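Notes follow the structure.
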Amino acid sequence: MTLHIVNQSPYRTSALRDCLDAMADGDALLLIEDGVYAAGAPTGIAPIPAGTYCLQADAVARGITPAKSITLIDDERWIALCVEHTPIVSWF
């Protein structure tokens, strides 16, 4: 199971769209930095899949309240996700 990490706004780049196209069943998605904008509102790209996480510090810094289906996590949980998943793919 792959951990996909998106750090770019879905309104500025195709990183999220490309990531969603590449995801397989059982993969996890982590939204960080400007990627958290995808957690707060529909992007028009594709539905955010189950197994999506959002870094809480980045969401708070940007005033984003994630959808209920997205799990807010801290840095410790991020590290745990990295240990649980192989490979890890960053989308820029």
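Within each chain, counting starts at residue 1; across the structure tokens, chains are named A, B, ... in the order shown, with ligands numbered 1 upward in that order.
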
Ala50 (chain A) surroundings by only C-alpha atoms, 12 Å radius, close-in-sequence under 4 positions cut, as a PyMOL selection string:
chain A and resi 20+23-30+67-71

For Glu84 (chain A), please output as a ChimeraX atom specification all residues within 12 Å (counting only C-alpha atoms; exclusion window: fewer than 2 positions along the same chain).
/A:1-3,26-28,77-82,86-88

DSSP strand (DSSP E or B) selection over region 1-87 of chain A, as a list in words
Leu3, His4, Ile5, Val6, Ala28, Leu29, Leu30, Leu31, Thr52, Tyr53, Cys54, Leu55, Thr71, Leu72 and Ile73 of chain A

Could the residues in this selection be saved with C-alpha atoms as a PDB file, in the first residue's frame?
```
ATOM      1  CA  LEU A   3       1.268   6.577   0.894  1.00  0.00           C
ATOM      2  CA  HIS A   4       0.662   9.479  -1.507  1.00  0.00           C
ATOM      3  CA  ILE A   5       1.591  12.937  -0.188  1.00  0.00           C
ATOM      4  CA  VAL A   6       0.252  16.041  -1.934  1.00  0.00           C
ATOM      5  CA  ALA A  28      -3.573   6.346   1.580  1.00  0.00           C
ATOM      6  CA  LEU A  29      -3.507  10.059   0.753  1.00  0.00           C
ATOM      7  CA  LEU A  30      -1.954  12.700   2.994  1.00  0.00           C
ATOM      8  CA  LEU A  31      -2.621  16.380   2.325  1.00  0.00           C
ATOM      9  CA  THR A  52      -7.360  10.470   3.275  1.00  0.00           C
ATOM     10  CA  TYR A  53      -5.459  12.311   5.983  1.00  0.00           C
ATOM     11  CA  CYS A  54      -4.811  16.005   6.497  1.00  0.00           C
ATOM     12  CA  LEU A  55      -1.978  17.488   8.542  1.00  0.00           C
ATOM     13  CA  THR A  71      -8.812  12.415   9.245  1.00  0.00           C
ATOM     14  CA  LEU A  72      -6.818  15.200  10.861  1.00  0.00           C
ATOM     15  CA  ILE A  73      -3.394  14.008  12.050  1.00  0.00           C
TER      16      ILE A  73
END
```
